[in-house]
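Structure file target23.cif with mmCIF, C-alpha atoms:
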```
data_protein
#
loop_
_atom_site.label_atom_id
_atom_site.label_comp_id
_atom_site.auth_asym_id
_atom_site.auth_seq_id
_atom_site.Cartn_x
_atom_site.Cartn_y
_atom_site.Cartn_z
CA MET T 18 58.11 50.04 78.67
CA ASP T 19 60.92 52.18 77.32
CA PHE T 20 62.73 54.91 79.18
CA SER T 21 61.61 58.42 78.48
CA LEU T 22 62.88 61.50 80.26
CA ASP T 23 60.40 63.22 82.55
CA PRO T 24 59.17 66.40 80.81
CA ARG T 25 60.00 68.64 83.77
CA LEU T 26 63.56 67.34 83.93
CA ALA T 27 63.82 67.83 80.19
CA ALA T 28 62.59 71.42 80.45
CA ASP T 29 64.89 72.38 83.33
CA THR T 30 68.11 70.92 81.93
CA LEU T 31 70.37 70.75 78.87
CA PHE T 32 71.60 67.49 77.40
CA ALA T 33 75.27 66.76 78.07
CA ALA T 34 76.09 63.08 77.44
CA GLN T 35 74.99 59.48 77.59
CA PHE T 36 76.90 57.37 80.10
CA PRO T 37 76.52 53.58 80.12
CA LEU T 38 73.60 53.81 82.55
CA CYS T 39 72.66 57.45 82.91
CA GLU T 40 71.68 60.29 80.69
CA VAL T 41 73.60 63.22 82.17
CA ARG T 42 72.24 66.71 81.84
CA VAL T 43 73.27 70.18 83.01
CA MET T 44 70.74 72.11 85.07
CA ASN T 45 69.95 75.31 83.19
CA GLU T 46 71.05 77.39 86.17
CA ALA T 47 74.13 79.52 85.66
CA ARG T 48 74.81 80.14 89.36
CA TYR T 49 76.01 76.61 90.14
CA PRO T 50 77.73 73.88 88.15
CA TRP T 51 74.89 71.40 88.53
CA LEU T 52 74.59 68.02 86.84
CA VAL T 53 71.60 65.70 86.86
CA ALA T 54 72.18 61.99 86.21
CA VAL T 55 69.11 60.03 85.12
CA PRO T 56 69.39 56.24 84.87
CA ARG T 57 67.81 55.18 81.57
CA LEU T 58 65.56 52.64 83.25
CA PRO T 59 61.80 52.67 82.95
CA ASP T 60 59.96 53.26 86.22
CA ALA T 61 63.05 53.73 88.42
CA VAL T 62 62.20 55.83 91.48
CA GLU T 63 64.49 54.95 94.39
CA LEU T 64 68.25 54.30 94.39
CA PHE T 65 67.70 51.28 96.63
CA GLY T 66 65.23 49.89 94.09
CA LEU T 67 67.95 49.44 91.47
CA ALA T 68 69.09 45.94 90.61
CA SER T 69 72.55 45.24 92.00
CA GLN T 70 74.45 45.72 88.74
CA ASP T 71 72.56 48.91 87.87
CA GLY T 72 73.22 50.21 91.37
CA GLU T 73 76.96 49.62 91.05
CA GLN T 74 77.02 51.32 87.66
CA ALA T 75 75.02 54.27 89.01
CA TRP T 76 77.49 54.57 91.87
CA ALA T 77 80.48 54.56 89.49
CA GLU T 78 78.91 57.26 87.35
CA ILE T 79 77.91 59.39 90.35
CA GLN T 80 81.42 59.10 91.78
CA ALA T 81 83.02 60.15 88.49
CA LEU T 82 80.61 63.05 88.04
CA GLY T 83 81.22 64.14 91.62
CA ALA T 84 84.96 64.19 90.98
CA LEU T 85 84.42 66.19 87.80
CA VAL T 86 82.32 68.82 89.60
CA GLY T 87 84.65 68.82 92.60
CA GLY T 88 87.55 69.63 90.31
CA LEU T 89 85.94 72.65 88.68
CA PRO T 90 87.44 76.07 89.48
CA GLY T 91 85.83 77.68 92.51
CA VAL T 92 84.02 74.60 93.80
CA GLY T 93 84.60 74.07 97.51
CA LYS T 94 82.06 71.34 98.24
CA VAL T 95 79.99 68.95 96.17
CA ASN T 96 76.39 68.30 97.16
CA ILE T 97 74.91 65.03 95.98
CA GLY T 98 71.22 64.39 96.34
CA ALA T 99 68.50 62.05 95.21
CA LEU T 100 65.24 63.62 96.34
CA GLY T 101 62.44 63.01 93.86
CA ASN T 102 59.72 64.80 95.79
CA MET T 103 58.69 66.84 92.76
CA VAL T 104 59.83 64.68 89.87
CA ARG T 105 59.36 61.03 90.71
CA GLN T 106 61.64 59.65 87.98
CA LEU T 107 64.93 58.66 89.62
CA HIS T 108 67.55 61.36 89.14
CA VAL T 109 70.64 62.31 91.08
CA HIS T 110 71.83 65.89 91.52
CA ILE T 111 75.55 66.66 91.63
CA VAL T 112 76.03 70.32 92.51
CA GLY T 113 79.19 72.36 92.96
CA ARG T 114 78.98 74.74 95.88
CA HIS T 115 81.15 77.37 97.48
CA GLU T 116 80.96 79.49 100.58
CA GLY T 117 78.97 82.59 99.74
CA ASP T 118 77.06 81.16 96.79
CA PRO T 119 73.40 82.29 96.71
CA ALA T 120 72.02 79.37 98.68
CA TRP T 121 75.03 78.76 100.93
CA PRO T 122 75.07 77.01 103.39
CA GLY T 123 71.54 75.77 102.68
CA PRO T 124 70.56 73.36 99.92
CA VAL T 125 70.05 74.63 96.36
CA TRP T 126 66.78 72.73 95.99
CA GLY T 127 63.86 75.07 96.45
CA HIS T 128 66.09 78.05 97.22
CA SER T 129 65.21 80.43 94.40
CA PRO T 130 64.26 80.42 90.73
CA ALA T 131 67.04 79.33 88.40
CA LYS T 132 69.01 81.88 86.42
CA PRO T 133 69.28 80.27 82.98
CA TYR T 134 72.56 80.20 81.09
CA GLY T 135 73.08 82.65 78.26
CA PRO T 136 73.82 81.34 74.74
CA ASP T 137 76.79 78.93 74.81
CA GLU T 138 77.53 79.68 78.48
CA ALA T 139 77.01 76.04 79.43
CA SER T 140 79.18 74.68 76.64
CA VAL T 141 82.39 74.34 78.66
CA LEU T 142 80.68 72.29 81.35
CA ILE T 143 78.79 70.22 78.78
CA GLY T 144 82.08 69.58 76.98
CA LYS T 145 83.71 68.30 80.17
CA VAL T 146 80.84 65.94 80.84
CA ALA T 147 80.91 64.68 77.25
CA ALA T 148 84.67 64.09 77.49
CA LEU T 149 84.19 62.13 80.73
CA ALA T 150 81.50 59.98 79.11
CA LYS T 151 83.97 58.93 76.38
CA ARG T 152 86.30 57.49 79.03
CA PHE T 153 83.56 55.21 80.41
CA MET O 26 94.64 60.27 112.91
CA ASP O 27 91.69 58.39 114.33
CA PHE O 28 88.08 58.92 113.42
CA SER O 29 86.07 61.05 115.78
CA LEU O 30 82.50 62.12 115.22
CA ASP O 31 81.97 65.81 114.51
CA PRO O 32 80.55 67.42 117.67
CA ARG O 33 77.61 69.00 115.83
CA LEU O 34 76.61 65.66 114.29
CA ALA O 35 76.96 64.09 117.73
CA ALA O 36 74.73 66.75 119.29
CA ASP O 37 72.01 66.54 116.64
CA THR O 38 71.69 62.75 116.49
CA LEU O 39 71.27 59.60 118.57
CA PHE O 40 73.53 56.57 118.21
CA ALA O 41 71.91 53.62 116.46
CA ALA O 42 74.52 51.09 115.28
CA GLN O 43 77.98 50.47 113.89
CA PHE O 44 78.00 49.10 110.35
CA PRO O 45 81.22 47.76 108.82
CA LEU O 46 82.10 51.21 107.46
CA CYS O 47 79.63 53.70 108.90
CA GLU O 48 78.44 54.77 112.28
CA VAL O 49 74.71 55.14 111.76
CA ARG O 50 72.76 57.60 113.84
CA VAL O 51 69.15 58.78 114.03
CA MET O 52 68.54 62.50 113.63
CA ASN O 53 66.87 63.73 116.81
CA GLU O 54 63.92 65.02 114.82
CA ALA O 55 60.62 63.27 115.43
CA ARG O 56 58.87 64.55 112.30
CA TYR O 57 60.83 62.40 109.85
CA PRO O 58 62.51 59.01 110.04
CA TRP O 59 65.98 60.35 109.33
CA LEU O 60 69.23 58.42 109.46
CA VAL O 61 72.74 59.79 109.16
CA ALA O 62 75.52 57.44 108.04
CA VAL O 63 79.05 58.56 108.89
CA PRO O 64 81.97 56.60 107.44
CA ARG O 65 84.45 56.01 110.25
CA LEU O 66 87.35 57.39 108.24
CA PRO O 67 89.50 60.26 109.39
CA ASP O 68 89.28 63.37 107.21
CA ALA O 69 86.67 62.04 104.75
CA VAL O 70 84.77 64.93 103.16
CA GLU O 71 83.51 63.93 99.71
CA LEU O 72 81.93 60.67 98.55
CA PHE O 73 84.11 60.74 95.45
CA GLY O 74 87.19 61.03 97.66
CA LEU O 75 86.65 57.57 99.13
CA ALA O 76 89.01 54.78 98.13
CA SER O 77 87.29 52.31 95.82
CA GLN O 78 86.61 49.62 98.43
CA ASP O 79 85.33 52.14 100.97
CA GLY O 80 83.11 53.66 98.31
CA GLU O 81 81.55 50.30 97.47
CA GLN O 82 80.98 49.56 101.14
CA ALA O 83 79.44 53.00 101.66
CA TRP O 84 77.14 52.38 98.70
CA ALA O 85 76.04 48.99 100.08
CA GLU O 86 75.27 50.50 103.47
CA ILE O 87 73.43 53.50 101.97
CA GLN O 88 71.36 51.18 99.78
CA ALA O 89 70.40 48.97 102.74
CA LEU O 90 69.55 51.97 104.91
CA GLY O 91 67.50 53.45 102.08
CA ALA O 92 65.52 50.23 101.79
CA LEU O 93 64.96 50.19 105.55
CA VAL O 94 63.63 53.76 105.57
CA GLY O 95 61.62 53.18 102.39
CA GLY O 96 59.88 50.25 104.08
CA LEU O 97 58.77 52.16 107.15
CA PRO O 98 55.03 52.79 107.54
CA GLY O 99 53.93 56.05 105.94
CA VAL O 100 57.09 56.69 103.93
CA GLY O 101 56.32 57.54 100.30
CA LYS O 102 59.75 58.69 99.11
CA VAL O 103 63.28 58.44 100.41
CA ASN O 104 65.59 61.44 100.12
CA ILE O 105 69.30 60.70 100.12
CA GLY O 106 71.77 63.52 100.38
CA ALA O 107 75.43 64.18 101.03
CA LEU O 108 75.74 67.94 101.47
CA GLY O 109 78.36 68.85 104.05
CA ASN O 110 78.00 72.60 103.74
CA MET O 111 77.66 73.04 107.49
CA VAL O 112 79.43 69.98 108.85
CA ARG O 113 82.39 69.10 106.68
CA GLN O 114 82.86 65.54 107.97
CA LEU O 115 81.43 63.19 105.34
CA HIS O 116 77.93 62.08 106.29
CA VAL O 117 74.99 60.86 104.27
CA HIS O 118 71.37 61.65 105.11
CA ILE O 119 68.66 59.07 104.46
CA VAL O 120 65.26 60.65 105.11
CA GLY O 121 61.78 59.20 104.85
CA ARG O 122 59.32 61.64 103.34
CA HIS O 123 55.63 61.72 102.54
CA GLU O 124 53.34 64.10 100.75
CA GLY O 125 52.17 66.68 103.26
CA ASP O 126 55.07 66.34 105.69
CA PRO O 127 56.21 69.70 107.10
CA ALA O 128 58.87 70.38 104.46
CA TRP O 129 57.11 68.65 101.53
CA PRO O 130 57.94 68.90 98.64
CA GLY O 131 61.05 70.85 99.54
CA PRO O 132 64.16 69.46 101.19
CA VAL O 133 64.28 68.91 104.96
CA TRP O 134 67.70 70.53 105.24
CA GLY O 135 67.36 74.07 106.51
CA HIS O 136 63.56 73.92 106.58
CA SER O 137 62.80 74.46 110.26
CA PRO O 138 64.21 73.66 113.70
CA ALA O 139 64.08 70.00 114.62
CA LYS O 140 61.41 68.70 116.97
CA PRO O 141 63.34 66.34 119.25
CA TYR O 142 62.00 62.89 120.11
CA GLY O 143 60.43 62.36 123.51
CA PRO O 144 61.86 59.72 125.86
CA ASP O 145 62.13 56.34 124.09
CA GLU O 146 60.27 57.63 121.01
CA ALA O 147 63.24 56.85 118.77
CA SER O 148 63.75 53.36 120.14
CA VAL O 149 61.76 51.50 117.48
CA LEU O 150 63.72 53.11 114.65
CA ILE O 151 67.02 52.62 116.47
CA GLY O 152 66.11 48.97 117.02
CA LYS O 153 65.47 48.46 113.30
CA VAL O 154 68.81 50.01 112.38
CA ALA O 155 70.59 47.89 114.98
CA ALA O 156 68.91 44.74 113.64
CA LEU O 157 69.99 45.62 110.09
CA ALA O 158 73.58 46.15 111.25
CA LYS O 159 73.66 42.59 112.62
CA ARG O 160 72.90 41.24 109.15
CA PHE O 161 75.92 42.99 107.62
#
```

Could I get this file's structure written as structure tokens?
Amino acid sequence: MDFSLDPRLAADTLFAAQFPLCEVRVMNEARYPWLVAVPRLPDAVELFGLASQDGEQAWAEIQALGALVGGLPGVGKVNIGALGNMVRQLHVHIVGRHEGDPAWPGPVWGHSPAKPYGPDEASVLIGKVAALAKRF
Amino acid sequence: MDFSLDPRLAADTLFAAQFPLCEVRVMNEARYPWLVAVPRLPDAVELFGLASQDGEQAWAEIQALGALVGGLPGVGKVNIGALGNMVRQLHVHIVGRHEGDPAWPGPVWGHSPAKPYGPDEASVLIGKVAALAKRF
């Protein structure tokens, strides 16, 4: 079976770039720089279910995306999470946080409805992710 | 500077085992099988800040702990998260979830006060973690 992106993930996010393993998308939520990395593997659900080589590649991509988000202006802490309680398809959140952001110090997941980006507002972040993908 | 466990992490958790990189502890919260892996590195805050070899070791230990939790009776999904908004010392949560658990489908972090284990109630889980550590 081929990989296809879960429809809810597709609806909640904007395409940014293809990495060797993951499709990386930007959560359509202007209050946090928030990436979602989705391994292009059919039926993947748990990180520990990945084959060894896929797991190492996922780790490399997550680490690089974490560093990207951690280096953005105003980010004080990066939250990384693989939950999958609502969308079962394996996906990893990489979220830039700072003291005083709307959900701080709690998690962003389930905090409040997203505030979508305005036209072109996500383009700088998407451009950074796309530039990172070219170095992989 | 030597590693020392953050006092809040120490207070909220029970010691389970030393892995090659991480001290692994059980959250003192009887409603979820919930492990916390703490790399024994002074001043570690972000996963992406780990040196390459430490990062690979952290990944191997997180994967193994995820598989352990995922194999426990009644666990339907494993949540893995590195947040660090409240306790800055790098620590990774590995939490066994199931549909209908108290926080489902939201995250456990910040959901409600923990319900501590009774005497010896955590010993089976601690024993499994300790057995896994011996195979590393």

- Item | Selection near T:Ala68, 12 Å with only C-alpha atoms, sequence-local residues under 6 positions removed, as number ranges by chain | T: 56, 58, 61, 74-75; O: 88

Convert the current residue selection to file output with C-alpha atoms, as a short mmCIF file (atom, residue, chain, number, x, y, z; two decimals), in the coordinates of the input.
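The file below, selection_24.cif, is the result:
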```cif
data_model
loop_
_atom_site.label_atom_id
_atom_site.label_comp_id
_atom_site.auth_asym_id
_atom_site.auth_seq_id
_atom_site.Cartn_x
_atom_site.Cartn_y
_atom_site.Cartn_z
CA PRO T 56 69.39 56.24 84.87
CA LEU T 58 65.56 52.64 83.25
CA ALA T 61 63.05 53.73 88.42
CA GLN T 74 77.02 51.32 87.66
CA ALA T 75 75.02 54.27 89.01
CA GLN O 88 71.36 51.18 99.78
#
```

- Could you please select, counting all atoms listed in the file, the residues of chain T within 9 Å of chain O and state them as JSON, numbers by chain? {"T": [62, 63, 64, 65, 66, 72, 73, 76, 79, 80, 81, 82, 83, 84, 87, 94, 95, 96, 97, 98, 99, 100, 101, 102, 103, 105, 114, 115, 116, 121, 122, 123, 124, 126, 127]}

Going by the chain IDs and residue numbers used in this file, which residues fall under the PyMOL selection byres ((chain T and resi 35-42) around 10)? Write them as a compact mmCIF listing (two decimals) with C-alpha atoms, in the coordinates of the input.
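See selection-v9.txt below for the written result:
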```
# COMPACT_ATOMS: atom_id res chain seq x y z
CA LEU T 22 62.88 61.50 80.26
CA LEU T 26 63.56 67.34 83.93
CA ALA T 27 63.82 67.83 80.19
CA ASP T 29 64.89 72.38 83.33
CA THR T 30 68.11 70.92 81.93
CA LEU T 31 70.37 70.75 78.87
CA PHE T 32 71.60 67.49 77.40
CA ALA T 33 75.27 66.76 78.07
CA ALA T 34 76.09 63.08 77.44
CA VAL T 43 73.27 70.18 83.01
CA MET T 44 70.74 72.11 85.07
CA ASN T 45 69.95 75.31 83.19
CA TRP T 51 74.89 71.40 88.53
CA LEU T 52 74.59 68.02 86.84
CA VAL T 53 71.60 65.70 86.86
CA ALA T 54 72.18 61.99 86.21
CA VAL T 55 69.11 60.03 85.12
CA PRO T 56 69.39 56.24 84.87
CA ARG T 57 67.81 55.18 81.57
CA LEU T 58 65.56 52.64 83.25
CA ASP T 71 72.56 48.91 87.87
CA GLY T 72 73.22 50.21 91.37
CA GLN T 74 77.02 51.32 87.66
CA ALA T 75 75.02 54.27 89.01
CA ALA T 77 80.48 54.56 89.49
CA GLU T 78 78.91 57.26 87.35
CA ILE T 79 77.91 59.39 90.35
CA LEU T 82 80.61 63.05 88.04
CA HIS T 108 67.55 61.36 89.14
CA VAL T 109 70.64 62.31 91.08
CA HIS T 110 71.83 65.89 91.52
CA ILE T 143 78.79 70.22 78.78
CA VAL T 146 80.84 65.94 80.84
CA ALA T 147 80.91 64.68 77.25
CA LEU T 149 84.19 62.13 80.73
CA ALA T 150 81.50 59.98 79.11
CA LYS T 151 83.97 58.93 76.38
CA ARG T 152 86.30 57.49 79.03
CA PHE T 153 83.56 55.21 80.41
```

LSQ fit chain T -> chain O, C-alpha in sequence order, output as a PDB file with C-alpha atoms, keeping the file's coordinate frame:
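Okay, result-v4.pdb is ready:
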```pdb
ATOM      1  CA  MET T  18      94.652  60.268 112.898  1.00  0.00           C
ATOM      2  CA  ASP T  19      91.695  58.393 114.326  1.00  0.00           C
ATOM      3  CA  PHE T  20      88.077  58.922 113.423  1.00  0.00           C
ATOM      4  CA  SER T  21      86.072  61.045 115.776  1.00  0.00           C
ATOM      5  CA  LEU T  22      82.495  62.123 115.217  1.00  0.00           C
ATOM      6  CA  ASP T  23      81.975  65.809 114.513  1.00  0.00           C
ATOM      7  CA  PRO T  24      80.538  67.438 117.665  1.00  0.00           C
ATOM      8  CA  ARG T  25      77.599  68.997 115.820  1.00  0.00           C
ATOM      9  CA  LEU T  26      76.609  65.666 114.301  1.00  0.00           C
ATOM     10  CA  ALA T  27      76.948  64.097 117.724  1.00  0.00           C
ATOM     11  CA  ALA T  28      74.716  66.746 119.296  1.00  0.00           C
ATOM     12  CA  ASP T  29      71.995  66.545 116.639  1.00  0.00           C
ATOM     13  CA  THR T  30      71.686  62.758 116.499  1.00  0.00           C
ATOM     14  CA  LEU T  31      71.275  59.597 118.581  1.00  0.00           C
ATOM     15  CA  PHE T  32      73.526  56.581 118.209  1.00  0.00           C
ATOM     16  CA  ALA T  33      71.902  53.624 116.458  1.00  0.00           C
ATOM     17  CA  ALA T  34      74.521  51.106 115.268  1.00  0.00           C
ATOM     18  CA  GLN T  35      77.965  50.480 113.878  1.00  0.00           C
ATOM     19  CA  PHE T  36      77.992  49.099 110.343  1.00  0.00           C
ATOM     20  CA  PRO T  37      81.216  47.762 108.818  1.00  0.00           C
ATOM     21  CA  LEU T  38      82.096  51.210 107.468  1.00  0.00           C
ATOM     22  CA  CYS T  39      79.639  53.692 108.905  1.00  0.00           C
ATOM     23  CA  GLU T  40      78.444  54.772 112.275  1.00  0.00           C
ATOM     24  CA  VAL T  41      74.694  55.141 111.763  1.00  0.00           C
ATOM     25  CA  ARG T  42      72.752  57.602 113.840  1.00  0.00           C
ATOM     26  CA  VAL T  43      69.142  58.783 114.035  1.00  0.00           C
ATOM     27  CA  MET T  44      68.537  62.504 113.634  1.00  0.00           C
ATOM     28  CA  ASN T  45      66.870  63.732 116.814  1.00  0.00           C
ATOM     29  CA  GLU T  46      63.904  65.016 114.821  1.00  0.00           C
ATOM     30  CA  ALA T  47      60.608  63.275 115.446  1.00  0.00           C
ATOM     31  CA  ARG T  48      58.870  64.561 112.305  1.00  0.00           C
ATOM     32  CA  TYR T  49      60.827  62.400 109.855  1.00  0.00           C
ATOM     33  CA  PRO T  50      62.505  59.006 110.047  1.00  0.00           C
ATOM     34  CA  TRP T  51      65.976  60.348 109.333  1.00  0.00           C
ATOM     35  CA  LEU T  52      69.229  58.406 109.461  1.00  0.00           C
ATOM     36  CA  VAL T  53      72.741  59.786 109.165  1.00  0.00           C
ATOM     37  CA  ALA T  54      75.522  57.438 108.036  1.00  0.00           C
ATOM     38  CA  VAL T  55      79.051  58.571 108.883  1.00  0.00           C
ATOM     39  CA  PRO T  56      81.970  56.595 107.441  1.00  0.00           C
ATOM     40  CA  ARG T  57      84.467  56.002 110.256  1.00  0.00           C
ATOM     41  CA  LEU T  58      87.352  57.396 108.239  1.00  0.00           C
ATOM     42  CA  PRO T  59      89.498  60.276 109.393  1.00  0.00           C
ATOM     43  CA  ASP T  60      89.292  63.374 107.205  1.00  0.00           C
ATOM     44  CA  ALA T  61      86.678  62.045 104.753  1.00  0.00           C
ATOM     45  CA  VAL T  62      84.766  64.923 103.154  1.00  0.00           C
ATOM     46  CA  GLU T  63      83.508  63.943  99.699  1.00  0.00           C
ATOM     47  CA  LEU T  64      81.926  60.667  98.547  1.00  0.00           C
ATOM     48  CA  PHE T  65      84.113  60.735  95.440  1.00  0.00           C
ATOM     49  CA  GLY T  66      87.192  61.028  97.658  1.00  0.00           C
ATOM     50  CA  LEU T  67      86.644  57.563  99.129  1.00  0.00           C
ATOM     51  CA  ALA T  68      88.995  54.772  98.143  1.00  0.00           C
ATOM     52  CA  SER T  69      87.295  52.299  95.822  1.00  0.00           C
ATOM     53  CA  GLN T  70      86.614  49.622  98.437  1.00  0.00           C
ATOM     54  CA  ASP T  71      85.333  52.147 100.984  1.00  0.00           C
ATOM     55  CA  GLY T  72      83.112  53.661  98.310  1.00  0.00           C
ATOM     56  CA  GLU T  73      81.568  50.292  97.469  1.00  0.00           C
ATOM     57  CA  GLN T  74      80.974  49.556 101.142  1.00  0.00           C
ATOM     58  CA  ALA T  75      79.427  53.000 101.668  1.00  0.00           C
ATOM     59  CA  TRP T  76      77.140  52.368  98.711  1.00  0.00           C
ATOM     60  CA  ALA T  77      76.035  48.981 100.094  1.00  0.00           C
ATOM     61  CA  GLU T  78      75.263  50.504 103.474  1.00  0.00           C
ATOM     62  CA  ILE T  79      73.424  53.489 101.975  1.00  0.00           C
ATOM     63  CA  GLN T  80      71.361  51.171  99.780  1.00  0.00           C
ATOM     64  CA  ALA T  81      70.401  48.969 102.732  1.00  0.00           C
ATOM     65  CA  LEU T  82      69.543  51.958 104.910  1.00  0.00           C
ATOM     66  CA  GLY T  83      67.498  53.454 102.089  1.00  0.00           C
ATOM     67  CA  ALA T  84      65.520  50.229 101.798  1.00  0.00           C
ATOM     68  CA  LEU T  85      64.973  50.190 105.553  1.00  0.00           C
ATOM     69  CA  VAL T  86      63.631  53.763 105.574  1.00  0.00           C
ATOM     70  CA  GLY T  87      61.629  53.171 102.400  1.00  0.00           C
ATOM     71  CA  GLY T  88      59.900  50.250 104.071  1.00  0.00           C
ATOM     72  CA  LEU T  89      58.776  52.159 107.147  1.00  0.00           C
ATOM     73  CA  PRO T  90      55.029  52.788 107.536  1.00  0.00           C
ATOM     74  CA  GLY T  91      53.939  56.046 105.935  1.00  0.00           C
ATOM     75  CA  VAL T  92      57.099  56.691 103.930  1.00  0.00           C
ATOM     76  CA  GLY T  93      56.330  57.561 100.320  1.00  0.00           C
ATOM     77  CA  LYS T  94      59.751  58.703  99.123  1.00  0.00           C
ATOM     78  CA  VAL T  95      63.293  58.440 100.414  1.00  0.00           C
ATOM     79  CA  ASN T  96      65.589  61.440 100.114  1.00  0.00           C
ATOM     80  CA  ILE T  97      69.294  60.700 100.117  1.00  0.00           C
ATOM     81  CA  GLY T  98      71.780  63.511 100.393  1.00  0.00           C
ATOM     82  CA  ALA T  99      75.425  64.183 101.033  1.00  0.00           C
ATOM     83  CA  LEU T 100      75.732  67.936 101.466  1.00  0.00           C
ATOM     84  CA  GLY T 101      78.360  68.856 104.036  1.00  0.00           C
ATOM     85  CA  ASN T 102      78.003  72.612 103.734  1.00  0.00           C
ATOM     86  CA  MET T 103      77.663  73.043 107.489  1.00  0.00           C
ATOM     87  CA  VAL T 104      79.421  69.979 108.846  1.00  0.00           C
ATOM     88  CA  ARG T 105      82.392  69.120 106.682  1.00  0.00           C
ATOM     89  CA  GLN T 106      82.856  65.556 107.961  1.00  0.00           C
ATOM     90  CA  LEU T 107      81.424  63.197 105.339  1.00  0.00           C
ATOM     91  CA  HIS T 108      77.924  62.083 106.285  1.00  0.00           C
ATOM     92  CA  VAL T 109      74.989  60.853 104.263  1.00  0.00           C
ATOM     93  CA  HIS T 110      71.372  61.648 105.107  1.00  0.00           C
ATOM     94  CA  ILE T 111      68.656  59.068 104.466  1.00  0.00           C
ATOM     95  CA  VAL T 112      65.269  60.647 105.124  1.00  0.00           C
ATOM     96  CA  GLY T 113      61.776  59.208 104.851  1.00  0.00           C
ATOM     97  CA  ARG T 114      59.316  61.639 103.343  1.00  0.00           C
ATOM     98  CA  HIS T 115      55.637  61.729 102.541  1.00  0.00           C
ATOM     99  CA  GLU T 116      53.331  64.107 100.762  1.00  0.00           C
ATOM    100  CA  GLY T 117      52.171  66.686 103.268  1.00  0.00           C
ATOM    101  CA  ASP T 118      55.065  66.342 105.697  1.00  0.00           C
ATOM    102  CA  PRO T 119      56.228  69.713 107.098  1.00  0.00           C
ATOM    103  CA  ALA T 120      58.862  70.372 104.464  1.00  0.00           C
ATOM    104  CA  TRP T 121      57.141  68.658 101.533  1.00  0.00           C
ATOM    105  CA  PRO T 122      57.937  68.901  98.630  1.00  0.00           C
ATOM    106  CA  GLY T 123      61.061  70.873  99.555  1.00  0.00           C
ATOM    107  CA  PRO T 124      64.172  69.443 101.188  1.00  0.00           C
ATOM    108  CA  VAL T 125      64.277  68.902 104.962  1.00  0.00           C
ATOM    109  CA  TRP T 126      67.702  70.524 105.249  1.00  0.00           C
ATOM    110  CA  GLY T 127      67.362  74.059 106.514  1.00  0.00           C
ATOM    111  CA  HIS T 128      63.565  73.904 106.573  1.00  0.00           C
ATOM    112  CA  SER T 129      62.821  74.452 110.252  1.00  0.00           C
ATOM    113  CA  PRO T 130      64.217  73.658 113.686  1.00  0.00           C
ATOM    114  CA  ALA T 131      64.077  69.990 114.620  1.00  0.00           C
ATOM    115  CA  LYS T 132      61.410  68.697 116.969  1.00  0.00           C
ATOM    116  CA  PRO T 133      63.345  66.334 119.243  1.00  0.00           C
ATOM    117  CA  TYR T 134      62.011  62.896 120.104  1.00  0.00           C
ATOM    118  CA  GLY T 135      60.432  62.356 123.494  1.00  0.00           C
ATOM    119  CA  PRO T 136      61.884  59.715 125.855  1.00  0.00           C
ATOM    120  CA  ASP T 137      62.128  56.333 124.085  1.00  0.00           C
ATOM    121  CA  GLU T 138      60.260  57.615 121.011  1.00  0.00           C
ATOM    122  CA  ALA T 139      63.226  56.846 118.767  1.00  0.00           C
ATOM    123  CA  SER T 140      63.749  53.353 120.133  1.00  0.00           C
ATOM    124  CA  VAL T 141      61.755  51.500 117.470  1.00  0.00           C
ATOM    125  CA  LEU T 142      63.713  53.103 114.648  1.00  0.00           C
ATOM    126  CA  ILE T 143      67.016  52.626 116.470  1.00  0.00           C
ATOM    127  CA  GLY T 144      66.109  48.970 117.010  1.00  0.00           C
ATOM    128  CA  LYS T 145      65.473  48.459 113.294  1.00  0.00           C
ATOM    129  CA  VAL T 146      68.797  50.000 112.384  1.00  0.00           C
ATOM    130  CA  ALA T 147      70.600  47.885 114.983  1.00  0.00           C
ATOM    131  CA  ALA T 148      68.914  44.736 113.646  1.00  0.00           C
ATOM    132  CA  LEU T 149      69.985  45.631 110.093  1.00  0.00           C
ATOM    133  CA  ALA T 150      73.577  46.155 111.236  1.00  0.00           C
ATOM    134  CA  LYS T 151      73.672  42.583 112.609  1.00  0.00           C
ATOM    135  CA  ARG T 152      72.898  41.218 109.136  1.00  0.00           C
ATOM    136  CA  PHE T 153      75.920  42.989 107.606  1.00  0.00           C
TER     137      PHE T 153
END
```

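Comparing the minimum interatomic distances between T:Ser21 and each of T:Lys145, T:Pro59, T:Tyr134, T:Ser140, counting all atoms listed in the file, we find that T:Pro59 sits nearest.
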
- Can you work out the spacing between atom CA of T:Pro50 and atom CA of O:Leu115 in Å, to one decimal?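 Those two atoms sit 20.6 Å apart.
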
- Query: Restricting the calculation to all atoms listed in the file, which member of T:Ser129, T:Leu89, T:Asp118, T:Gln106 is positioned closest to T:Val141?
  - Reply: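 Of T:Ser129, T:Leu89, T:Asp118, T:Gln106, the one nearest T:Val141 is T:Leu89, counting all atoms listed in the file.
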
- Message: What does the structure give for the distance between atom CA of O:Val100 and atom CA of T:Asp19, in Å to one decimal?
- Response: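 Rounded to one decimal, the two atoms are 27.3 Å apart.
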
Mind giving me the axis-aligned box for stretch 28-33 of chain T with 6 Å on every side, centre plus edges in Å to one decimal, as AutoDock Vina command-line options?
```
--center_x 68.9 --center_y 69.6 --center_z 80.4 --size_x 24.7 --size_y 17.6 --size_z 17.9
```

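The space separating atom CA of T:Gly88 from atom CA of O:Pro32 comes to 28.3 Å.
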